[in-house]
file upload-v9.cif (mmCIF, C-alpha atoms)
data_protein
#
loop_
_atom_site.label_atom_id
_atom_site.label_comp_id
_atom_site.auth_asym_id
_atom_site.auth_seq_id
_atom_site.Cartn_x
_atom_site.Cartn_y
_atom_site.Cartn_z
CA MET A 151 -79.53 -51.47 50.07
CA GLY A 152 -80.49 -47.97 48.94
CA ALA A 153 -78.16 -45.15 47.98
CA GLU A 154 -78.72 -43.20 51.22
CA ALA A 155 -77.80 -46.29 53.28
CA ARG A 156 -74.68 -46.87 51.14
CA VAL A 157 -73.57 -43.25 51.61
CA LYS A 158 -73.96 -43.61 55.38
CA GLU A 159 -72.32 -47.06 55.53
CA LYS A 160 -69.29 -45.92 53.51
CA GLY A 161 -68.90 -42.71 55.53
CA ILE A 162 -69.34 -40.52 52.45
CA THR A 163 -70.04 -36.89 53.34
CA LEU A 164 -71.82 -34.78 50.79
CA PRO A 165 -71.09 -31.04 50.72
CA SER A 166 -73.86 -28.47 50.91
CA GLN A 167 -75.54 -27.78 47.59
CA ALA A 168 -73.55 -25.36 45.46
CA THR A 169 -75.08 -22.06 44.40
CA PRO A 170 -75.01 -21.61 40.61
CA LEU A 171 -72.32 -19.13 39.56
CA ALA A 172 -74.27 -17.64 36.65
CA ASN A 173 -77.80 -17.48 35.19
CA TYR A 174 -78.88 -21.12 35.48
CA VAL A 175 -80.24 -23.61 38.00
CA GLY A 176 -78.49 -26.65 39.43
CA ALA A 177 -81.02 -29.15 38.11
CA VAL A 178 -84.23 -29.31 36.08
CA ARG A 179 -86.73 -32.13 36.27
CA VAL A 180 -88.74 -33.06 33.19
CA GLY A 181 -91.04 -36.01 33.79
CA ASN A 182 -88.95 -38.84 35.19
CA LEU A 183 -85.63 -37.31 34.10
CA LEU A 184 -83.43 -35.00 36.15
CA PHE A 185 -80.93 -32.93 34.16
CA VAL A 186 -78.13 -31.87 36.50
CA SER A 187 -76.07 -28.87 35.37
CA GLY A 188 -72.32 -29.02 34.97
CA HIS A 189 -70.52 -28.97 38.32
CA GLY A 190 -66.87 -28.49 39.13
CA PRO A 191 -64.66 -28.66 42.21
CA ILE A 192 -66.28 -25.56 43.74
CA ARG A 193 -66.82 -24.81 47.45
CA ASP A 194 -68.38 -21.57 48.69
CA GLY A 195 -68.22 -20.09 45.19
CA GLN A 196 -64.47 -20.70 44.85
CA ALA A 197 -62.55 -23.27 42.81
CA VAL A 198 -60.74 -25.57 45.24
CA THR A 199 -58.60 -27.06 42.46
CA ARG A 200 -57.27 -25.39 39.34
CA GLY A 201 -55.05 -26.47 36.48
CA LYS A 202 -54.80 -28.69 33.45
CA LEU A 203 -54.42 -32.44 33.43
CA GLY A 204 -51.07 -33.42 32.03
CA ARG A 205 -49.46 -30.16 33.13
CA GLU A 206 -50.28 -29.01 36.69
CA LEU A 207 -52.24 -32.12 37.68
CA SER A 208 -51.50 -35.84 37.41
CA LEU A 209 -53.95 -38.50 36.31
CA GLU A 210 -54.37 -39.58 39.95
CA GLN A 211 -55.12 -36.02 41.06
CA GLY A 212 -57.63 -35.66 38.23
CA TYR A 213 -59.35 -38.89 39.29
CA GLN A 214 -59.77 -37.46 42.82
CA VAL A 215 -61.09 -34.15 41.46
CA ALA A 216 -63.67 -36.04 39.34
CA ARG A 217 -64.77 -37.92 42.47
CA GLU A 218 -65.13 -34.61 44.35
CA VAL A 219 -67.20 -33.20 41.49
CA GLY A 220 -69.38 -36.31 41.78
CA LEU A 221 -70.00 -35.50 45.45
CA ASN A 222 -71.13 -32.01 44.42
CA LEU A 223 -73.50 -33.48 41.83
CA LEU A 224 -74.92 -35.88 44.42
CA ALA A 225 -75.47 -32.97 46.82
CA THR A 226 -77.51 -31.12 44.17
CA THR A 227 -79.42 -34.30 43.37
CA ARG A 228 -80.28 -34.91 47.04
CA ALA A 229 -81.31 -31.27 47.53
CA THR A 230 -83.54 -31.41 44.43
CA LEU A 231 -85.18 -34.79 45.07
CA GLY A 232 -85.04 -34.97 48.87
CA SER A 233 -83.27 -38.34 48.77
CA LEU A 234 -80.75 -40.16 46.59
CA ASP A 235 -83.02 -43.21 46.91
CA LYS A 236 -85.31 -41.59 44.31
CA VAL A 237 -82.67 -42.13 41.60
CA THR A 238 -83.60 -45.18 39.54
CA ARG A 239 -80.77 -44.90 36.99
CA VAL A 240 -77.74 -42.80 36.18
CA VAL A 241 -78.46 -42.49 32.45
CA LYS A 242 -75.88 -40.24 30.74
CA VAL A 243 -72.79 -38.36 31.85
CA LEU A 244 -70.63 -35.78 30.10
CA GLY A 245 -67.20 -35.38 31.66
CA MET A 246 -65.06 -32.44 30.52
CA VAL A 247 -61.37 -32.37 31.38
CA SER A 248 -59.15 -29.30 30.99
CA SER A 249 -56.24 -30.92 29.20
CA ALA A 250 -52.71 -29.94 28.30
CA GLU A 251 -51.64 -30.67 24.74
CA GLY A 252 -50.97 -34.37 24.34
CA PHE A 253 -53.02 -35.48 27.39
CA GLY A 254 -55.35 -38.27 26.30
CA ASP A 255 -56.46 -39.97 29.53
CA GLN A 256 -59.76 -38.12 29.93
CA PRO A 257 -61.71 -41.38 30.33
CA ARG A 258 -59.46 -42.48 33.20
CA VAL A 259 -59.91 -39.10 34.92
CA ILE A 260 -63.72 -39.31 34.68
CA ASN A 261 -63.56 -42.83 36.15
CA GLY A 262 -63.24 -41.02 39.50
CA PHE A 263 -66.83 -39.88 39.02
CA SER A 264 -68.10 -43.12 37.47
CA ASP A 265 -66.59 -45.29 40.22
CA LEU A 266 -68.33 -43.09 42.82
CA MET A 267 -71.70 -43.54 41.11
CA VAL A 268 -71.32 -47.33 41.21
CA GLU A 269 -70.18 -47.13 44.85
CA VAL A 270 -73.24 -45.09 45.83
CA PHE A 271 -75.94 -46.60 43.60
CA GLY A 272 -74.61 -50.10 42.82
CA GLU A 273 -73.90 -51.57 39.39
CA ALA A 274 -77.50 -51.79 38.15
CA ILE A 275 -78.34 -48.12 38.81
CA GLY A 276 -74.90 -46.47 38.84
CA LYS A 277 -73.41 -47.74 35.54
CA HIS A 278 -74.11 -45.22 32.82
CA ALA A 279 -73.54 -44.11 29.25
CA ARG A 280 -70.73 -41.57 29.17
CA SER A 281 -68.59 -39.21 27.15
CA ALA A 282 -65.23 -37.98 28.46
CA VAL A 283 -63.66 -35.20 26.43
CA GLY A 284 -60.70 -32.86 26.62
CA MET A 285 -61.22 -29.11 26.73
CA ALA A 286 -58.81 -26.23 26.15
CA GLU A 287 -60.24 -24.30 29.12
CA LEU A 288 -62.96 -24.62 31.75
CA PRO A 289 -64.55 -21.87 33.88
CA MET A 290 -62.42 -20.45 36.72
CA GLY A 291 -59.50 -22.61 35.61
CA ILE A 292 -61.08 -25.78 37.04
CA PRO A 293 -59.70 -29.09 35.77
CA VAL A 294 -62.97 -31.06 35.57
CA GLU A 295 -66.62 -30.28 34.92
CA ILE A 296 -69.30 -32.97 34.83
CA GLU A 297 -73.01 -32.94 34.03
CA MET A 298 -75.46 -35.84 34.20
CA ILE A 299 -78.94 -37.03 33.36
CA LEU A 300 -80.75 -39.22 35.88
CA GLU A 301 -83.92 -41.27 35.72
CA VAL A 302 -85.91 -40.65 38.90
CA GLU A 303 -89.12 -41.84 40.52
#

call {"tool": "encode", "arguments": {"input": "upload-v9.cif", "output": "structure tokens"}}
result
Amino acid sequence: MGAEARVKEKGITLPSQATPLANYVGAVRVGNLLFVSGHGPIRDGQAVTRGKLGRELSLEQGYQVAREVGLNLLATTRATLGSLDKVTRVVKVLGMVSSAEGFGDQPRVINGFSDLMVEVFGEAIGKHARSAVGMAELPMGIPVEIEMILEVE
């Protein structure tokens, strides 16, 4: 089963593609690789969630935010490629988590994104190399920003 069929079967709704907030594009294709810019929990140019993990937000809330960011990344991917079925591998992911001092569960937060990729693409395509790091601040006070590199047909 392809990614588009999985999205439909699971009732996953992708948002409309986000407009970049500064001087960059949402994705750049080079050969068979698609570099997708960092995305956050942004809708209509506004942050829908703000705060730091370990202070204003719990681990569980962070997990959900990372999943939402994944939906935004998938929306950009679909808009760029025309179909999620053109993704042949989620290659590399960088997950950045705005973290209060002492918060060390960044990998568990970014699992919200990683679990979504496996749900949409399956194990063989969706499992990826990944870094999950804590940040002092992220743009607009968002708690999570994620970028990814995809192999595409």

call {"tool": "residues_around", "arguments": {"input": "upload-v9.cif", "residues": "range 230-244 of chain A", "least_positions_apart": "4", "cutoff": "10 Å", "atoms": "all atoms listed in the file", "output": "ChimeraX atom specification"}}
result
/A:151-155,157,167,176-179,182-186,188,224-226,260,263-264,267-268,270-283,295-303

call {"tool": "atom_distance", "arguments": {"input": "upload-v9.cif", "atom1": "CA of Ile292 in chain A", "atom2": "CA of Tyr174 in chain A"}}
result
18.5 Å

call {"tool": "residues_around", "arguments": {"input": "upload-v9.cif", "residues": "Thr199 in chain A", "least_positions_apart": "2", "cutoff": "10 Å", "atoms": "all atoms listed in the file", "output": "PyMOL selection string"}}
result
chain A and resi 190-193+196-197+201-202+207+211-212+215+290-294

call {"tool": "residues_around", "arguments": {"input": "upload-v9.cif", "residues": "Ala286 in chain A", "least_positions_apart": "5", "cutoff": "10 Å", "atoms": "only C-alpha atoms", "output": "PyMOL selection string"}}
result
chain A and resi 202+246-251

call {"tool": "resolve_selection", "arguments": {"input": "upload-v9.cif", "expression": "the PyMOL selection byres ((chain A and resi 253) around 9)", "output": "PyMOL selection string"}}
result
chain A and resi 203-205+249-252+254-256+284

call {"tool": "atom_distance", "arguments": {"input": "upload-v9.cif", "atom1": "CA of Val180 in chain A", "atom2": "CA of Arg228 in chain A"}}
result
16.3 Å

call {"tool": "atom_distance", "arguments": {"input": "upload-v9.cif", "atom1": "CA of Asp265 in chain A", "atom2": "CA of Ala172 in chain A"}}
result
28.9 Å
